[in-house]
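Engineer: One file is attached below, data_6.csv, containing CSV, C-alpha atoms.
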chain,number,residue,atom,x,y,z
A,13,MET,CA,-19.2,-0.8,-68.0
A,14,SER,CA,-22.1,1.2,-66.9
A,15,GLY,CA,-21.5,4.6,-65.3
A,16,LYS,CA,-17.9,4.9,-66.2
A,17,ALA,CA,-16.0,6.2,-69.2
A,18,ILE,CA,-14.9,3.4,-71.5
A,19,GLY,CA,-11.8,3.5,-73.7
A,20,LYS,CA,-11.4,3.1,-77.4
A,21,MET,CA,-10.8,-0.6,-77.2
A,22,ASP,CA,-13.9,-1.1,-75.1
A,23,HIS,CA,-15.8,0.8,-77.9
A,24,HIS,CA,-14.7,-1.9,-80.3
A,25,LYS,CA,-16.1,-4.6,-78.0
A,26,LEU,CA,-19.3,-2.6,-77.4
A,27,VAL,CA,-19.9,-2.1,-81.1
A,28,LYS,CA,-19.2,-5.8,-81.8
A,29,ASP,CA,-21.7,-6.8,-79.1
A,30,CYS,CA,-24.3,-4.4,-80.5
A,31,LEU,CA,-23.8,-6.0,-83.9
A,32,LYS,CA,-24.5,-9.4,-82.3
A,33,GLU,CA,-27.8,-7.7,-81.1
A,34,LYS,CA,-27.0,-8.1,-77.4
A,35,PRO,CA,-29.6,-6.0,-75.6
A,36,ALA,CA,-27.2,-5.1,-72.7
A,37,ALA,CA,-24.6,-3.7,-75.2
A,38,GLN,CA,-27.3,-1.8,-77.1
A,39,ARG,CA,-28.5,-0.3,-73.8
A,40,GLU,CA,-24.9,0.5,-72.8
A,41,LEU,CA,-24.2,2.3,-76.1
A,42,TYR,CA,-27.4,4.3,-75.8
A,43,ASP,CA,-26.8,5.2,-72.1
A,44,LEU,CA,-23.2,6.2,-72.9
A,45,PHE,CA,-23.9,8.5,-75.8
A,46,ALA,CA,-27.5,9.7,-75.3
A,47,PRO,CA,-26.8,12.5,-72.9
A,48,PRO,CA,-24.2,14.3,-75.0
A,49,MET,CA,-26.1,13.6,-78.2
A,50,LEU,CA,-29.3,15.1,-76.7
A,51,GLY,CA,-27.3,18.3,-76.3
A,52,VAL,CA,-26.3,18.1,-80.0
A,53,CYS,CA,-29.9,17.6,-81.0
A,54,PHE,CA,-31.1,20.4,-78.7
A,55,ARG,CA,-28.7,22.9,-80.4
A,56,TYR,CA,-30.7,22.5,-83.7
A,57,THR,CA,-34.3,22.5,-82.3
A,58,LYS,CA,-36.4,24.9,-80.4
A,59,SER,CA,-37.7,22.5,-77.7
A,60,ILE,CA,-36.4,19.6,-75.6
A,61,ALA,CA,-39.3,17.5,-77.0
A,62,ASP,CA,-38.2,18.0,-80.5
A,63,ALA,CA,-34.6,17.3,-79.5
A,64,GLU,CA,-35.7,14.0,-77.9
A,65,ASP,CA,-37.6,13.1,-81.1
A,66,VAL,CA,-34.4,13.7,-83.1
A,67,LEU,CA,-32.3,11.7,-80.6
A,68,GLN,CA,-34.6,8.7,-80.9
A,69,ASP,CA,-34.6,8.9,-84.7
A,70,GLY,CA,-30.9,9.3,-84.6
A,71,PHE,CA,-30.3,6.3,-82.5
A,72,VAL,CA,-32.5,4.2,-84.7
A,73,LYS,CA,-30.2,5.2,-87.6
A,74,VAL,CA,-27.1,4.5,-85.4
A,75,PHE,CA,-28.2,1.0,-84.7
A,76,ARG,CA,-29.3,0.4,-88.4
A,77,SER,CA,-25.9,1.7,-89.6
A,78,LEU,CA,-23.6,0.3,-87.0
A,79,HIS,CA,-22.3,-2.3,-89.4
A,80,GLN,CA,-20.9,0.6,-91.5
A,81,TYR,CA,-18.8,1.9,-88.6
A,82,LYS,CA,-15.2,1.2,-89.6
A,83,PHE,CA,-13.5,1.5,-86.2
A,84,GLU,CA,-11.6,4.5,-87.5
A,85,GLY,CA,-11.9,7.7,-85.5
A,86,GLU,CA,-14.0,8.2,-82.5
A,87,LEU,CA,-17.3,6.3,-82.1
A,88,GLY,CA,-18.8,9.5,-80.6
A,89,GLY,CA,-17.8,11.5,-83.6
A,90,TRP,CA,-19.4,9.0,-85.9
A,91,ILE,CA,-22.6,9.0,-83.9
A,92,ARG,CA,-22.5,12.9,-83.7
A,93,ARG,CA,-22.5,13.1,-87.5
A,94,ILE,CA,-25.6,10.9,-87.7
A,95,MET,CA,-27.3,13.1,-85.0
A,96,VAL,CA,-26.5,16.3,-86.9
A,97,THR,CA,-27.8,14.8,-90.2
A,98,THR,CA,-30.9,13.6,-88.4
A,99,ALA,CA,-31.5,17.0,-86.9
A,100,LEU,CA,-31.1,18.7,-90.3
A,101,ASN,CA,-33.6,16.3,-91.8
A,102,TYR,CA,-36.0,16.9,-89.0
A,103,LEU,CA,-35.9,20.6,-89.5
A,104,LYS,CA,-36.5,20.2,-93.2
A,105,LYS,CA,-39.5,17.9,-92.7
A,106,ASN,CA,-41.1,19.6,-89.8
A,107,SER,CA,-43.6,22.4,-90.8
A,108,ARG,CA,-42.8,24.5,-87.7
A,109,TYR,CA,-39.2,24.9,-88.9
A,110,GLN,CA,-39.6,25.0,-92.7
A,111,SER,CA,-40.5,28.7,-93.0
A,112,GLU,CA,-37.5,29.6,-90.8
A,113,LEU,CA,-35.2,27.6,-93.0
A,114,LEU,CA,-35.7,29.7,-96.1
A,115,TYR,CA,-32.3,30.8,-97.2
A,116,ASP,CA,-32.1,33.7,-99.7
A,117,ASN,CA,-29.2,35.0,-101.6
A,118,ASP,CA,-30.2,38.6,-101.2
A,119,HIS,CA,-28.0,41.0,-99.4
A,120,LEU,CA,-25.0,38.7,-99.2
A,121,HIS,CA,-22.2,40.4,-97.3
A,122,ALA,CA,-18.8,39.4,-96.0
A,123,ILE,CA,-18.2,38.1,-92.5
A,124,ALA,CA,-17.3,40.9,-90.2
A,125,ASP,CA,-14.0,40.8,-88.3
A,126,GLU,CA,-15.4,42.3,-85.1
A,127,ASN,CA,-14.4,40.4,-82.0
A,128,PRO,CA,-16.3,41.7,-79.0
A,129,ASP,CA,-14.9,41.2,-75.5
A,130,VAL,CA,-17.3,38.3,-74.6
A,131,LYS,CA,-17.9,37.7,-70.9
A,132,LEU,CA,-20.5,35.0,-71.0
A,133,ASN,CA,-20.4,31.5,-69.8
A,134,SER,CA,-21.0,28.7,-72.2
A,135,LYS,CA,-24.6,28.2,-71.0
A,136,GLU,CA,-25.5,31.9,-71.6
A,137,LEU,CA,-23.9,31.8,-75.0
A,138,ALA,CA,-25.7,28.6,-75.9
A,139,GLU,CA,-29.0,30.2,-74.8
A,140,LEU,CA,-28.3,33.2,-77.0
A,141,ILE,CA,-27.6,30.9,-80.0
A,142,ARG,CA,-30.9,29.1,-79.4
A,143,GLN,CA,-32.7,32.5,-79.7
A,144,LEU,CA,-31.5,32.9,-83.3
A,145,PRO,CA,-33.9,32.2,-86.1
A,146,THR,CA,-33.7,28.5,-87.0
A,147,GLY,CA,-31.8,29.1,-90.3
A,148,TYR,CA,-29.2,31.3,-88.6
A,149,GLN,CA,-29.0,28.9,-85.6
A,150,THR,CA,-28.5,25.9,-87.9
A,151,ILE,CA,-25.7,27.4,-90.0
A,152,PHE,CA,-24.0,28.9,-86.9
A,153,ASN,CA,-24.0,25.6,-85.2
A,154,LEU,CA,-22.8,23.7,-88.2
A,155,HIS,CA,-19.9,26.1,-88.8
A,156,ALA,CA,-18.9,27.4,-85.4
A,157,VAL,CA,-19.7,24.4,-83.2
A,158,GLU,CA,-19.5,21.4,-85.5
A,159,GLY,CA,-16.6,22.8,-87.7
A,160,TYR,CA,-18.1,22.2,-91.1
A,161,THR,CA,-16.9,24.4,-93.9
A,162,HIS,CA,-19.4,26.6,-95.8
A,163,VAL,CA,-19.0,24.4,-98.9
A,164,GLU,CA,-19.9,21.3,-96.8
A,165,ILE,CA,-22.9,23.2,-95.2
A,166,GLY,CA,-24.0,24.2,-98.7
A,167,VAL,CA,-24.1,20.6,-99.8
A,168,MET,CA,-25.8,19.5,-96.6
A,169,LEU,CA,-28.6,22.1,-96.8
A,170,GLY,CA,-28.8,22.4,-100.6
A,171,ILE,CA,-27.8,26.0,-100.7
A,172,HIS,CA,-24.9,28.0,-102.2
A,173,GLU,CA,-21.7,28.4,-100.2
A,174,GLY,CA,-22.2,32.2,-100.3
A,175,THR,CA,-25.6,31.8,-98.7
A,176,SER,CA,-24.1,29.8,-95.9
A,177,ARG,CA,-21.5,32.5,-95.4
A,178,SER,CA,-24.1,35.2,-95.4
A,179,GLN,CA,-26.4,33.4,-92.9
A,180,TYR,CA,-23.4,32.8,-90.7
A,181,ALA,CA,-22.4,36.4,-90.8
A,182,ARG,CA,-25.9,37.5,-90.0
A,183,ALA,CA,-26.1,35.1,-87.1
A,184,ARG,CA,-22.7,36.2,-85.8
A,185,SER,CA,-23.7,39.9,-86.2
A,186,LEU,CA,-26.9,39.3,-84.2
A,187,LEU,CA,-25.0,37.5,-81.5
A,188,ILE,CA,-22.4,40.3,-81.2
A,189,ASN,CA,-25.2,42.8,-81.0
A,190,TRP,CA,-27.0,40.9,-78.3
A,191,ILE,CA,-23.8,40.4,-76.3
A,192,GLU,CA,-22.8,44.1,-76.5
A,193,ASN,CA,-26.3,45.2,-75.6
A,194,ASN,CA,-26.4,42.8,-72.7
A,195,GLN,CA,-23.0,44.0,-71.4
A,196,LYS,CA,-24.1,47.6,-71.7
A,197,LYS,CA,-27.3,46.9,-69.7
A,198,ASN,CA,-25.3,45.0,-67.0
A,199,SER,CA,-22.7,47.9,-66.9
A,200,TYR,CA,-25.5,50.5,-66.5
A,201,ALA,CA,-27.2,48.4,-63.8
A,202,ARG,CA,-23.9,48.1,-61.9
A,203,THR,CA,-23.2,51.9,-62.0
A,204,LYS,CA,-26.7,52.7,-61.0
A,205,PHE,CA,-26.4,50.9,-57.6
Just give me the structure of the file as structure tokens.

Structural biologist:
Amino acid sequence: MSGKAIGKMDHHKLVKDCLKEKPAAQRELYDLFAPPMLGVCFRYTKSIADAEDVLQDGFVKVFRSLHQYKFEGELGGWIRRIMVTTALNYLKKNSRYQSELLYDNDHLHAIADENPDVKLNSKELAELIRQLPTGYQTIFNLHAVEGYTHVEIGVMLGIHEGTSRSQYARARSLLINWIENNQKKNSYARTKF
């Protein structure tokens, strides 16, 4: 199975073999899902080393919880939820991130409807998102990338739904500002030459 995509039925066999504690199956599961899950972990942290720590902790939880997988839905989606939860717990426990995860209810405002003409590739956009303060980055990723509602985010982070909405709006506003400023600089540079 190594090196090639495996189908849903093969995931069933792979999970069953992992539950039988077969090392080759465990290695296969890790090799199959570690690269995309590292990307998930990296979205929530500020360094690749932190993302790798989250990934390792996440896979420990995956293997400990594999007996709870019900073979409903995508195995990758199930693993992704574990990685996101592990990343959030890492941010809450790690002193480097704690001060940036302070959510306040001051100055709540509605989400703006501005839609800038974005001309960035996904790598550039991902890099801009990584530059957001950790709290903004976390909520932006949970809502815009992972698809969680503000109610779900509130429960996950122990904050009010309105705080999640506000932090998301602030993150979005910062990104829009950065994108517009970047496009103005690029436009000015092109007209100068």

Engineer: Do a neighbour search on segment 71-75 of chain A at 12 Å with all atoms listed in the file, toss out local chain neighbours closer than 5 positions, and write the hits as a ChimeraX atom specification.

Structural biologist: /A:27-35,37-39,41-47,49-50,53,64-66,80-81,87-99

Engineer: Could those residues be written to a file, using C-alpha atoms, as a PDB file, keeping the file's coordinate frame?

Structural biologist:
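File written: result_36.pdb
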ATOM      1  CA  VAL A  27     -19.900  -2.100 -81.100  1.00  0.00           C
ATOM      2  CA  LYS A  28     -19.200  -5.800 -81.800  1.00  0.00           C
ATOM      3  CA  ASP A  29     -21.700  -6.800 -79.100  1.00  0.00           C
ATOM      4  CA  CYS A  30     -24.300  -4.400 -80.500  1.00  0.00           C
ATOM      5  CA  LEU A  31     -23.800  -6.000 -83.900  1.00  0.00           C
ATOM      6  CA  LYS A  32     -24.500  -9.400 -82.300  1.00  0.00           C
ATOM      7  CA  GLU A  33     -27.800  -7.700 -81.100  1.00  0.00           C
ATOM      8  CA  LYS A  34     -27.000  -8.100 -77.400  1.00  0.00           C
ATOM      9  CA  PRO A  35     -29.600  -6.000 -75.600  1.00  0.00           C
ATOM     10  CA  ALA A  37     -24.600  -3.700 -75.200  1.00  0.00           C
ATOM     11  CA  GLN A  38     -27.300  -1.800 -77.100  1.00  0.00           C
ATOM     12  CA  ARG A  39     -28.500  -0.300 -73.800  1.00  0.00           C
ATOM     13  CA  LEU A  41     -24.200   2.300 -76.100  1.00  0.00           C
ATOM     14  CA  TYR A  42     -27.400   4.300 -75.800  1.00  0.00           C
ATOM     15  CA  ASP A  43     -26.800   5.200 -72.100  1.00  0.00           C
ATOM     16  CA  LEU A  44     -23.200   6.200 -72.900  1.00  0.00           C
ATOM     17  CA  PHE A  45     -23.900   8.500 -75.800  1.00  0.00           C
ATOM     18  CA  ALA A  46     -27.500   9.700 -75.300  1.00  0.00           C
ATOM     19  CA  PRO A  47     -26.800  12.500 -72.900  1.00  0.00           C
ATOM     20  CA  MET A  49     -26.100  13.600 -78.200  1.00  0.00           C
ATOM     21  CA  LEU A  50     -29.300  15.100 -76.700  1.00  0.00           C
ATOM     22  CA  CYS A  53     -29.900  17.600 -81.000  1.00  0.00           C
ATOM     23  CA  GLU A  64     -35.700  14.000 -77.900  1.00  0.00           C
ATOM     24  CA  ASP A  65     -37.600  13.100 -81.100  1.00  0.00           C
ATOM     25  CA  VAL A  66     -34.400  13.700 -83.100  1.00  0.00           C
ATOM     26  CA  GLN A  80     -20.900   0.600 -91.500  1.00  0.00           C
ATOM     27  CA  TYR A  81     -18.800   1.900 -88.600  1.00  0.00           C
ATOM     28  CA  LEU A  87     -17.300   6.300 -82.100  1.00  0.00           C
ATOM     29  CA  GLY A  88     -18.800   9.500 -80.600  1.00  0.00           C
ATOM     30  CA  GLY A  89     -17.800  11.500 -83.600  1.00  0.00           C
ATOM     31  CA  TRP A  90     -19.400   9.000 -85.900  1.00  0.00           C
ATOM     32  CA  ILE A  91     -22.600   9.000 -83.900  1.00  0.00           C
ATOM     33  CA  ARG A  92     -22.500  12.900 -83.700  1.00  0.00           C
ATOM     34  CA  ARG A  93     -22.500  13.100 -87.500  1.00  0.00           C
ATOM     35  CA  ILE A  94     -25.600  10.900 -87.700  1.00  0.00           C
ATOM     36  CA  MET A  95     -27.300  13.100 -85.000  1.00  0.00           C
ATOM     37  CA  VAL A  96     -26.500  16.300 -86.900  1.00  0.00           C
ATOM     38  CA  THR A  97     -27.800  14.800 -90.200  1.00  0.00           C
ATOM     39  CA  THR A  98     -30.900  13.600 -88.400  1.00  0.00           C
ATOM     40  CA  ALA A  99     -31.500  17.000 -86.900  1.00  0.00           C
TER      41      ALA A  99
END

Engineer: With distances taken over all atoms listed in the file, which residue among A:Lys104, A:Gly147, A:His162, A:Leu140 lies nearest Asn194 of chain A?

Structural biologist: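 Smallest separation from Asn194 of chain A among the options: A:Leu140.
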
Engineer: So the first atom is atom CA of Glu192 of chain A and the second is atom CA of Leu137 of chain A; what is the distance between them in Å, to one decimal place?

Structural biologist: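 Computed distance, atom CA of Glu192 of chain A to atom CA of Leu137 of chain A, equals 12.4 Å.
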
Engineer: Record the distance separating atom CA of Ala36 of chain A and atom CA of Phe83 of chain A, expressed in Å with one decimal.

Structural biologist: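 Atom CA of Phe83 of chain A lies at a distance of 20.3 Å from atom CA of Ala36 of chain A.
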
Engineer: Using all atoms listed in the file, pick whichever of A:Glu86, A:Lys196, A:Leu186, A:Asp69 has the shortest atom-to-atom distance to Arg142 of chain A.

Structural biologist: A:Leu186

Engineer: Here is a test: counting all atoms listed in the file, which residue of A:His172, A:Leu187, A:Ala61, A:Gln195 is nearest to Gln143 of chain A?

Structural biologist: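 Between A:His172, A:Leu187, A:Ala61, A:Gln195, the residue approaching Gln143 of chain A most closely is A:Leu187.
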
Engineer: Mind giving me the straight-line distance from atom CA of Asn193 of chain A to atom CA of Gln179 of chain A in Å, one decimal?

Structural biologist: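 Interatomic distance here is 20.9 Å.
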
Engineer: For a quick check of understanding, using all atoms listed in the file, which of A:Leu67, A:Val163, A:Ile141, A:Ala181 has the smallest distance to Arg55 of chain A?

Structural biologist: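 Checking each candidate against Arg55 of chain A, we get A:Ile141 as the closest.
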
Engineer: When you count all atoms listed in the file, which of these residues is closest to Leu144 of chain A: A:Thr57, A:Leu103, A:Thr161, A:Val167?

Structural biologist: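 For Leu144 of chain A, the nearest of the candidates is A:Thr57.
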
Engineer: Measuring atom to atom with all atoms listed in the file, identify which of A:Tyr102, A:Ser176, A:Gly170, A:Leu26 is nearest to Asp62 of chain A.

Structural biologist: A:Tyr102
